[in-house]
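The file my_file_1.txt contains compact mmCIF, N, CA and C atoms:
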```
# COMPACT_ATOMS: atom_id res chain seq x y z
N MET A 110 8.28 11.57 29.80
CA MET A 110 9.56 11.94 29.24
C MET A 110 9.32 12.98 28.14
N THR A 111 9.96 14.10 28.24
CA THR A 111 9.83 15.16 27.25
C THR A 111 10.99 15.06 26.28
N ALA A 112 10.67 14.99 25.02
CA ALA A 112 11.71 14.89 23.99
C ALA A 112 12.33 16.26 23.76
N LYS A 113 13.60 16.25 23.41
CA LYS A 113 14.30 17.48 23.09
C LYS A 113 13.72 18.02 21.79
N ARG A 114 13.41 19.30 21.78
CA ARG A 114 12.85 19.91 20.58
C ARG A 114 13.94 20.09 19.53
N VAL A 115 13.60 19.75 18.30
CA VAL A 115 14.54 19.91 17.19
C VAL A 115 13.87 20.74 16.11
N PRO A 116 14.65 21.46 15.33
CA PRO A 116 14.05 22.26 14.26
C PRO A 116 13.45 21.36 13.17
N PRO A 117 12.46 21.89 12.42
CA PRO A 117 11.82 21.09 11.37
C PRO A 117 12.80 20.45 10.39
N ALA A 118 13.85 21.17 10.02
CA ALA A 118 14.82 20.62 9.06
C ALA A 118 15.55 19.40 9.62
N GLN A 119 15.66 19.31 10.93
CA GLN A 119 16.31 18.15 11.56
C GLN A 119 15.28 17.05 11.81
N LEU A 120 14.06 17.42 12.12
CA LEU A 120 13.01 16.44 12.37
C LEU A 120 12.59 15.73 11.09
N ALA A 121 12.57 16.45 9.98
CA ALA A 121 12.09 15.89 8.71
C ALA A 121 12.78 14.58 8.34
N PRO A 122 14.12 14.52 8.31
CA PRO A 122 14.75 13.24 7.93
C PRO A 122 14.53 12.14 8.97
N GLN A 123 14.46 12.50 10.24
CA GLN A 123 14.21 11.49 11.27
C GLN A 123 12.83 10.88 11.08
N LEU A 124 11.85 11.74 10.86
CA LEU A 124 10.48 11.28 10.70
C LEU A 124 10.32 10.47 9.41
N ARG A 125 10.89 10.97 8.33
CA ARG A 125 10.82 10.27 7.05
C ARG A 125 11.45 8.89 7.16
N ASP A 126 12.60 8.80 7.84
CA ASP A 126 13.27 7.51 8.01
C ASP A 126 12.41 6.55 8.83
N ALA A 127 11.82 7.05 9.92
CA ALA A 127 10.98 6.19 10.76
C ALA A 127 9.75 5.69 9.99
N ILE A 128 9.13 6.58 9.22
CA ILE A 128 7.95 6.20 8.43
C ILE A 128 8.34 5.17 7.38
N THR A 129 9.46 5.40 6.71
CA THR A 129 9.92 4.48 5.67
C THR A 129 10.20 3.10 6.25
N ARG A 130 10.92 3.07 7.36
CA ARG A 130 11.26 1.78 7.98
C ARG A 130 10.03 1.04 8.48
N LEU A 131 9.10 1.77 9.10
CA LEU A 131 7.87 1.14 9.58
C LEU A 131 7.06 0.62 8.40
N ASN A 132 6.94 1.42 7.36
CA ASN A 132 6.20 0.99 6.18
C ASN A 132 6.81 -0.27 5.58
N ARG A 133 8.12 -0.30 5.47
CA ARG A 133 8.80 -1.48 4.94
C ARG A 133 8.51 -2.70 5.80
N ARG A 134 8.58 -2.53 7.10
CA ARG A 134 8.35 -3.66 8.02
C ARG A 134 6.91 -4.14 7.97
N VAL A 135 5.97 -3.21 7.91
CA VAL A 135 4.56 -3.60 7.83
C VAL A 135 4.29 -4.34 6.52
N ARG A 136 4.91 -3.87 5.43
CA ARG A 136 4.72 -4.52 4.14
C ARG A 136 5.29 -5.93 4.12
N GLN A 137 6.27 -6.20 4.99
CA GLN A 137 6.85 -7.54 5.04
C GLN A 137 5.94 -8.52 5.79
N ALA A 138 5.03 -8.00 6.60
CA ALA A 138 4.10 -8.86 7.33
C ALA A 138 3.03 -9.29 6.35
N ARG A 139 3.12 -10.51 5.91
CA ARG A 139 2.19 -10.97 4.88
C ARG A 139 1.84 -12.43 5.09
N PRO A 140 0.65 -12.80 4.67
CA PRO A 140 0.28 -14.21 4.77
C PRO A 140 1.12 -15.02 3.78
N VAL A 141 1.05 -16.30 3.91
CA VAL A 141 1.80 -17.17 3.01
C VAL A 141 1.29 -16.93 1.59
N GLY A 142 2.19 -16.71 0.70
CA GLY A 142 1.82 -16.45 -0.70
C GLY A 142 3.02 -15.92 -1.43
N ASP A 143 2.93 -15.95 -2.74
CA ASP A 143 4.11 -15.55 -3.49
C ASP A 143 3.86 -14.35 -4.40
N LEU A 144 2.88 -13.52 -4.06
CA LEU A 144 2.69 -12.30 -4.82
C LEU A 144 3.82 -11.33 -4.50
N THR A 145 4.31 -10.65 -5.52
CA THR A 145 5.37 -9.68 -5.30
C THR A 145 4.77 -8.37 -4.79
N VAL A 146 5.61 -7.51 -4.27
CA VAL A 146 5.18 -6.20 -3.81
C VAL A 146 4.57 -5.43 -4.99
N THR A 147 5.16 -5.55 -6.16
CA THR A 147 4.67 -4.86 -7.35
C THR A 147 3.29 -5.37 -7.74
N GLN A 148 3.09 -6.68 -7.69
CA GLN A 148 1.78 -7.25 -8.01
C GLN A 148 0.73 -6.80 -6.99
N LEU A 149 1.12 -6.80 -5.72
CA LEU A 149 0.20 -6.34 -4.67
C LEU A 149 -0.18 -4.87 -4.87
N SER A 150 0.80 -4.06 -5.23
CA SER A 150 0.55 -2.65 -5.44
C SER A 150 -0.42 -2.43 -6.61
N ALA A 151 -0.20 -3.12 -7.70
CA ALA A 151 -1.09 -2.99 -8.86
C ALA A 151 -2.50 -3.46 -8.51
N LEU A 152 -2.60 -4.56 -7.81
CA LEU A 152 -3.91 -5.09 -7.41
C LEU A 152 -4.61 -4.11 -6.46
N THR A 153 -3.87 -3.50 -5.56
CA THR A 153 -4.43 -2.50 -4.65
C THR A 153 -4.94 -1.30 -5.44
N SER A 154 -4.17 -0.84 -6.41
CA SER A 154 -4.60 0.29 -7.24
C SER A 154 -5.91 -0.03 -7.96
N LEU A 155 -6.03 -1.24 -8.46
CA LEU A 155 -7.27 -1.63 -9.13
C LEU A 155 -8.44 -1.70 -8.15
N LYS A 156 -8.16 -2.20 -6.97
CA LYS A 156 -9.23 -2.28 -5.96
C LYS A 156 -9.70 -0.86 -5.60
N LEU A 157 -8.77 0.05 -5.41
CA LEU A 157 -9.12 1.40 -5.01
C LEU A 157 -9.81 2.17 -6.13
N ALA A 158 -9.35 1.99 -7.36
CA ALA A 158 -9.89 2.74 -8.50
C ALA A 158 -11.19 2.12 -9.03
N GLY A 159 -11.36 0.84 -8.80
CA GLY A 159 -12.53 0.15 -9.34
C GLY A 159 -12.19 -0.51 -10.66
N ALA A 160 -11.76 0.28 -11.64
CA ALA A 160 -11.38 -0.25 -12.95
C ALA A 160 -10.50 0.78 -13.65
N LEU A 161 -9.51 0.28 -14.38
CA LEU A 161 -8.56 1.14 -15.08
C LEU A 161 -8.15 0.48 -16.39
N THR A 162 -7.70 1.29 -17.32
CA THR A 162 -7.05 0.73 -18.51
C THR A 162 -5.64 0.33 -18.10
N PRO A 163 -5.01 -0.54 -18.86
CA PRO A 163 -3.63 -0.90 -18.53
C PRO A 163 -2.71 0.32 -18.50
N ARG A 164 -2.92 1.28 -19.40
CA ARG A 164 -2.09 2.49 -19.43
C ARG A 164 -2.29 3.31 -18.16
N GLU A 165 -3.54 3.46 -17.72
CA GLU A 165 -3.82 4.21 -16.49
C GLU A 165 -3.15 3.53 -15.29
N LEU A 166 -3.23 2.21 -15.26
CA LEU A 166 -2.62 1.46 -14.16
C LEU A 166 -1.09 1.63 -14.19
N ALA A 167 -0.50 1.56 -15.37
CA ALA A 167 0.95 1.75 -15.50
C ALA A 167 1.34 3.14 -15.01
N ASP A 168 0.55 4.15 -15.37
CA ASP A 168 0.85 5.52 -14.94
C ASP A 168 0.76 5.65 -13.42
N ILE A 169 -0.27 5.08 -12.84
CA ILE A 169 -0.44 5.15 -11.37
C ILE A 169 0.72 4.45 -10.67
N GLU A 170 1.11 3.32 -11.20
CA GLU A 170 2.18 2.52 -10.58
C GLU A 170 3.58 3.00 -10.97
N ARG A 171 3.63 3.96 -11.89
CA ARG A 171 4.90 4.53 -12.35
C ARG A 171 5.84 3.48 -12.94
N VAL A 172 5.25 2.67 -13.82
CA VAL A 172 6.04 1.69 -14.57
C VAL A 172 5.70 1.83 -16.05
N GLN A 173 6.54 1.29 -16.89
CA GLN A 173 6.30 1.32 -18.33
C GLN A 173 5.18 0.34 -18.68
N PRO A 174 4.39 0.65 -19.71
CA PRO A 174 3.30 -0.25 -20.11
C PRO A 174 3.71 -1.70 -20.34
N PRO A 175 4.87 -1.99 -20.98
CA PRO A 175 5.24 -3.40 -21.14
C PRO A 175 5.45 -4.12 -19.80
N THR A 176 5.97 -3.39 -18.81
CA THR A 176 6.14 -3.97 -17.48
C THR A 176 4.78 -4.27 -16.87
N MET A 177 3.84 -3.33 -17.01
CA MET A 177 2.50 -3.53 -16.45
C MET A 177 1.80 -4.70 -17.14
N THR A 178 2.05 -4.87 -18.44
CA THR A 178 1.46 -6.00 -19.16
C THR A 178 1.87 -7.32 -18.51
N LYS A 179 3.14 -7.43 -18.13
CA LYS A 179 3.64 -8.65 -17.48
C LYS A 179 3.02 -8.83 -16.10
N ILE A 180 2.92 -7.74 -15.35
CA ILE A 180 2.33 -7.79 -14.00
C ILE A 180 0.88 -8.24 -14.09
N VAL A 181 0.13 -7.63 -14.98
CA VAL A 181 -1.29 -7.95 -15.14
C VAL A 181 -1.46 -9.40 -15.59
N ALA A 182 -0.58 -9.87 -16.48
CA ALA A 182 -0.68 -11.26 -16.96
C ALA A 182 -0.55 -12.24 -15.79
N LYS A 183 0.39 -11.96 -14.88
CA LYS A 183 0.56 -12.84 -13.71
C LYS A 183 -0.68 -12.80 -12.81
N LEU A 184 -1.21 -11.61 -12.60
CA LEU A 184 -2.41 -11.48 -11.76
C LEU A 184 -3.62 -12.15 -12.42
N GLU A 185 -3.72 -12.00 -13.71
CA GLU A 185 -4.83 -12.61 -14.45
C GLU A 185 -4.72 -14.14 -14.43
N GLU A 186 -3.49 -14.64 -14.55
CA GLU A 186 -3.22 -16.07 -14.49
C GLU A 186 -3.77 -16.68 -13.19
N ARG A 187 -3.68 -15.92 -12.13
CA ARG A 187 -4.13 -16.38 -10.82
C ARG A 187 -5.59 -16.08 -10.55
N GLY A 188 -6.25 -15.46 -11.51
CA GLY A 188 -7.66 -15.14 -11.34
C GLY A 188 -7.90 -13.95 -10.42
N LEU A 189 -6.90 -13.10 -10.25
CA LEU A 189 -7.03 -11.96 -9.34
C LEU A 189 -7.46 -10.69 -10.06
N VAL A 190 -7.31 -10.68 -11.39
CA VAL A 190 -7.67 -9.53 -12.21
C VAL A 190 -8.46 -10.05 -13.41
N GLN A 191 -9.43 -9.27 -13.84
CA GLN A 191 -10.18 -9.63 -15.05
C GLN A 191 -10.12 -8.49 -16.06
N ARG A 192 -10.15 -8.85 -17.32
CA ARG A 192 -10.19 -7.88 -18.41
C ARG A 192 -11.59 -7.88 -19.00
N THR A 193 -12.08 -6.69 -19.30
CA THR A 193 -13.35 -6.57 -20.03
C THR A 193 -13.13 -5.57 -21.15
N PRO A 194 -13.91 -5.69 -22.21
CA PRO A 194 -13.76 -4.73 -23.32
C PRO A 194 -14.07 -3.30 -22.86
N HIS A 195 -13.34 -2.35 -23.40
CA HIS A 195 -13.59 -0.93 -23.13
C HIS A 195 -14.94 -0.58 -23.77
N PRO A 196 -15.79 0.16 -23.06
CA PRO A 196 -17.13 0.44 -23.60
C PRO A 196 -17.15 1.32 -24.85
N THR A 197 -16.11 2.16 -25.05
CA THR A 197 -16.13 3.07 -26.20
C THR A 197 -14.95 2.92 -27.14
N ASP A 198 -13.90 2.21 -26.71
CA ASP A 198 -12.70 2.07 -27.53
C ASP A 198 -12.38 0.59 -27.68
N GLY A 199 -12.68 0.05 -28.84
CA GLY A 199 -12.48 -1.38 -29.09
C GLY A 199 -11.03 -1.83 -29.02
N ARG A 200 -10.08 -0.88 -29.04
CA ARG A 200 -8.67 -1.25 -28.95
C ARG A 200 -8.22 -1.42 -27.51
N GLN A 201 -9.03 -0.96 -26.58
CA GLN A 201 -8.65 -0.96 -25.15
C GLN A 201 -9.40 -2.03 -24.38
N VAL A 202 -8.87 -2.33 -23.21
CA VAL A 202 -9.56 -3.19 -22.25
C VAL A 202 -9.61 -2.45 -20.92
N ILE A 203 -10.50 -2.88 -20.08
CA ILE A 203 -10.61 -2.35 -18.72
C ILE A 203 -10.20 -3.48 -17.78
N LEU A 204 -9.36 -3.13 -16.81
CA LEU A 204 -8.90 -4.09 -15.81
C LEU A 204 -9.62 -3.82 -14.49
N ALA A 205 -9.95 -4.89 -13.80
CA ALA A 205 -10.57 -4.76 -12.48
C ALA A 205 -10.13 -5.94 -11.62
N ALA A 206 -10.06 -5.70 -10.32
CA ALA A 206 -9.77 -6.79 -9.38
C ALA A 206 -10.99 -7.70 -9.31
N THR A 207 -10.76 -8.99 -9.28
CA THR A 207 -11.85 -9.94 -9.13
C THR A 207 -12.19 -10.07 -7.65
N GLU A 208 -13.25 -10.79 -7.36
CA GLU A 208 -13.59 -11.07 -5.97
C GLU A 208 -12.42 -11.77 -5.27
N GLY A 209 -11.79 -12.71 -5.99
CA GLY A 209 -10.61 -13.39 -5.44
C GLY A 209 -9.46 -12.44 -5.18
N GLY A 210 -9.27 -11.48 -6.08
CA GLY A 210 -8.22 -10.48 -5.90
C GLY A 210 -8.48 -9.62 -4.68
N ARG A 211 -9.72 -9.21 -4.50
CA ARG A 211 -10.07 -8.41 -3.32
C ARG A 211 -9.90 -9.23 -2.04
N ALA A 212 -10.20 -10.51 -2.10
CA ALA A 212 -10.04 -11.38 -0.92
C ALA A 212 -8.57 -11.52 -0.55
N VAL A 213 -7.70 -11.65 -1.57
CA VAL A 213 -6.25 -11.74 -1.31
C VAL A 213 -5.77 -10.46 -0.64
N LEU A 214 -6.21 -9.31 -1.15
CA LEU A 214 -5.81 -8.04 -0.54
C LEU A 214 -6.30 -7.93 0.90
N ASP A 215 -7.50 -8.42 1.15
CA ASP A 215 -8.03 -8.40 2.52
C ASP A 215 -7.16 -9.26 3.45
N GLN A 216 -6.69 -10.41 2.96
CA GLN A 216 -5.80 -11.26 3.76
C GLN A 216 -4.51 -10.53 4.10
N PHE A 217 -3.94 -9.87 3.11
CA PHE A 217 -2.70 -9.13 3.33
C PHE A 217 -2.93 -8.00 4.34
N GLU A 218 -4.04 -7.30 4.20
CA GLU A 218 -4.34 -6.21 5.13
C GLU A 218 -4.52 -6.72 6.56
N ARG A 219 -5.21 -7.84 6.70
CA ARG A 219 -5.38 -8.42 8.05
C ARG A 219 -4.04 -8.82 8.65
N ALA A 220 -3.15 -9.41 7.85
CA ALA A 220 -1.83 -9.82 8.35
C ALA A 220 -1.02 -8.60 8.78
N ARG A 221 -1.07 -7.54 8.00
CA ARG A 221 -0.32 -6.33 8.33
C ARG A 221 -0.89 -5.65 9.56
N ASN A 222 -2.21 -5.56 9.64
CA ASN A 222 -2.84 -4.95 10.81
C ASN A 222 -2.55 -5.76 12.07
N SER A 223 -2.56 -7.07 11.95
CA SER A 223 -2.28 -7.94 13.09
C SER A 223 -0.85 -7.73 13.58
N TRP A 224 0.10 -7.68 12.64
CA TRP A 224 1.50 -7.47 13.02
C TRP A 224 1.64 -6.16 13.77
N LEU A 225 1.05 -5.09 13.26
CA LEU A 225 1.19 -3.78 13.88
C LEU A 225 0.45 -3.73 15.22
N ALA A 226 -0.72 -4.34 15.29
CA ALA A 226 -1.49 -4.35 16.54
C ALA A 226 -0.71 -5.05 17.65
N GLU A 227 0.00 -6.12 17.32
CA GLU A 227 0.82 -6.82 18.32
C GLU A 227 1.91 -5.90 18.87
N ARG A 228 2.53 -5.14 17.97
CA ARG A 228 3.58 -4.22 18.43
C ARG A 228 3.00 -3.09 19.26
N LEU A 229 1.84 -2.59 18.86
CA LEU A 229 1.19 -1.51 19.62
C LEU A 229 0.76 -1.99 21.00
N ALA A 230 0.33 -3.24 21.09
CA ALA A 230 -0.11 -3.79 22.38
C ALA A 230 1.04 -3.85 23.38
N ALA A 231 2.26 -3.93 22.88
CA ALA A 231 3.43 -4.00 23.76
C ALA A 231 3.84 -2.63 24.30
N LEU A 232 3.25 -1.57 23.77
CA LEU A 232 3.58 -0.22 24.22
C LEU A 232 2.74 0.17 25.43
N THR A 233 3.18 1.22 26.11
CA THR A 233 2.38 1.73 27.22
C THR A 233 1.17 2.48 26.66
N GLU A 234 0.20 2.70 27.51
CA GLU A 234 -0.98 3.45 27.10
C GLU A 234 -0.59 4.86 26.65
N GLU A 235 0.36 5.46 27.36
CA GLU A 235 0.82 6.80 27.01
C GLU A 235 1.49 6.81 25.63
N GLU A 236 2.28 5.79 25.34
CA GLU A 236 2.92 5.70 24.02
C GLU A 236 1.88 5.53 22.92
N ARG A 237 0.86 4.71 23.18
CA ARG A 237 -0.21 4.53 22.19
C ARG A 237 -0.98 5.84 21.98
N ASP A 238 -1.22 6.59 23.05
CA ASP A 238 -1.89 7.89 22.92
C ASP A 238 -1.05 8.84 22.06
N THR A 239 0.26 8.82 22.29
CA THR A 239 1.16 9.67 21.51
C THR A 239 1.10 9.28 20.03
N LEU A 240 1.11 7.98 19.76
CA LEU A 240 1.05 7.52 18.37
C LEU A 240 -0.30 7.85 17.73
N GLN A 241 -1.36 7.79 18.50
CA GLN A 241 -2.68 8.14 17.96
C GLN A 241 -2.67 9.61 17.53
N ARG A 242 -2.12 10.47 18.37
CA ARG A 242 -2.03 11.90 18.03
C ARG A 242 -1.09 12.09 16.83
N ALA A 243 0.01 11.36 16.80
CA ALA A 243 0.94 11.46 15.67
C ALA A 243 0.25 11.02 14.37
N ALA A 244 -0.55 9.97 14.44
CA ALA A 244 -1.27 9.50 13.24
C ALA A 244 -2.20 10.59 12.72
N GLU A 245 -2.88 11.29 13.62
CA GLU A 245 -3.76 12.39 13.22
C GLU A 245 -2.96 13.50 12.54
N ILE A 246 -1.81 13.83 13.11
CA ILE A 246 -0.98 14.89 12.54
C ILE A 246 -0.43 14.46 11.17
N LEU A 247 0.00 13.20 11.05
CA LEU A 247 0.52 12.71 9.77
C LEU A 247 -0.57 12.72 8.69
N GLN A 248 -1.80 12.38 9.07
CA GLN A 248 -2.91 12.47 8.13
C GLN A 248 -3.11 13.90 7.66
N GLN A 249 -3.00 14.81 8.59
CA GLN A 249 -3.14 16.25 8.28
C GLN A 249 -2.06 16.69 7.30
N ILE A 250 -0.82 16.26 7.53
CA ILE A 250 0.29 16.61 6.64
C ILE A 250 0.05 15.99 5.25
N ALA A 251 -0.41 14.75 5.23
CA ALA A 251 -0.63 14.06 3.96
C ALA A 251 -1.72 14.72 3.13
N ARG A 252 -2.70 15.30 3.78
CA ARG A 252 -3.80 15.97 3.07
C ARG A 252 -3.44 17.38 2.61
N ALA A 253 -2.37 17.95 3.17
CA ALA A 253 -2.01 19.35 2.84
C ALA A 253 -1.50 19.49 1.42
```
Encoding of this model in C-alpha cells:
Amino acid sequence: MTAKRVPPAQLAPQLRDAITRLNRRVRQARPVGDLTVTQLSALTSLKLAGALTPRELADIERVQPPTMTKIVAKLEERGLVQRTPHPTDGRQVILAATEGGRAVLDQFERARNSWLAERLAALTEEERDTLQRAAEILQQIARA
C-alpha cells in the first residue's frame, strides 16, 4: 500500500502527534510501583549523567530547585539516589543513582520494551521493516 504523499508542513504535525502518543503509551507500560513520571525522569537523568549537583539536575529536568529538592528527597528515602559531598565545594552535594535506582530503571525499561515488542509482533513483516527504516530516519532527524 502506497501512502499519499503530503508536504512536510502537513506531515510534521501528524508525525509529532504519533510520536507523542506512542511515547505517552510506552511510558504508561510500567512494572508495579509508585514512582512518578517526574521521579523516573530525574532518576534516568542521574543514571545517564553519572552524577550531578541538585542544581544541574533541576536544570536538566527543567524544574525549580525547590521542586527538585522534594523529588530527590523521595528518591533518597527509597534508597534510589545517594548524596556525597562535592569534592571542591563544601556547600554542594553530588547526586547519583544507587545500584537499587539503576535496577528500578532497568525494570521499567524491560516493561516498556516488552509492551512495545508485543505490539510490534502483531504487525506484518513489511510493517516492521517500515518502522525499522522510520526509526533510522527519526534518529537522523534527532541528531541534526
Practice task
Could you give me, as a list in words, the residues within 7 Å of stretch 209-221 of chain A, counting all atoms listed in the file and dropping anything in the same chain fewer than 5 positions from it?
Solution key: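 Contacts, with the query itself left out: Val135, Arg136, Ala138, Arg139, Pro140, Leu152, Lys156, Gly188, Leu189, Val190 and Ala226 of chain A.
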Problem - Separation of atom N of A:Ala160 from atom CA of A:Gln173 in Å - result: 19.3 Å
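Atom CA of A:Leu204 is found 8.5 Å from atom CA of A:Leu166.
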Handout entry: Sel. of helix (DSSP H, G or I) residues, chain A, as number ranges by chain
Key = A: 117-137, 146-158, 163-170, 174-186, 208-230, 234-252
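One finds atom C of A:Ala167 at 13.6 Å from atom C of A:Val146.
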Exercise on stretch 241-248 of chain A, axis-aligned box with 8 Å per side, report centre and edge lengths in Å to one decimal, as JSON:
```
{"center_x": -1.4, "center_y": 11.3, "center_z": 13.1, "size_x": 20.7, "size_y": 23.1, "size_z": 26.8}
```
Handout entry: Distance criterion (only C-alpha atoms): nearest to A:Thr153 out of A:Thr176, A:Thr207, A:Thr233, A:Gln249
Key =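 Closest to A:Thr153, using only C-alpha atoms: A:Thr207.
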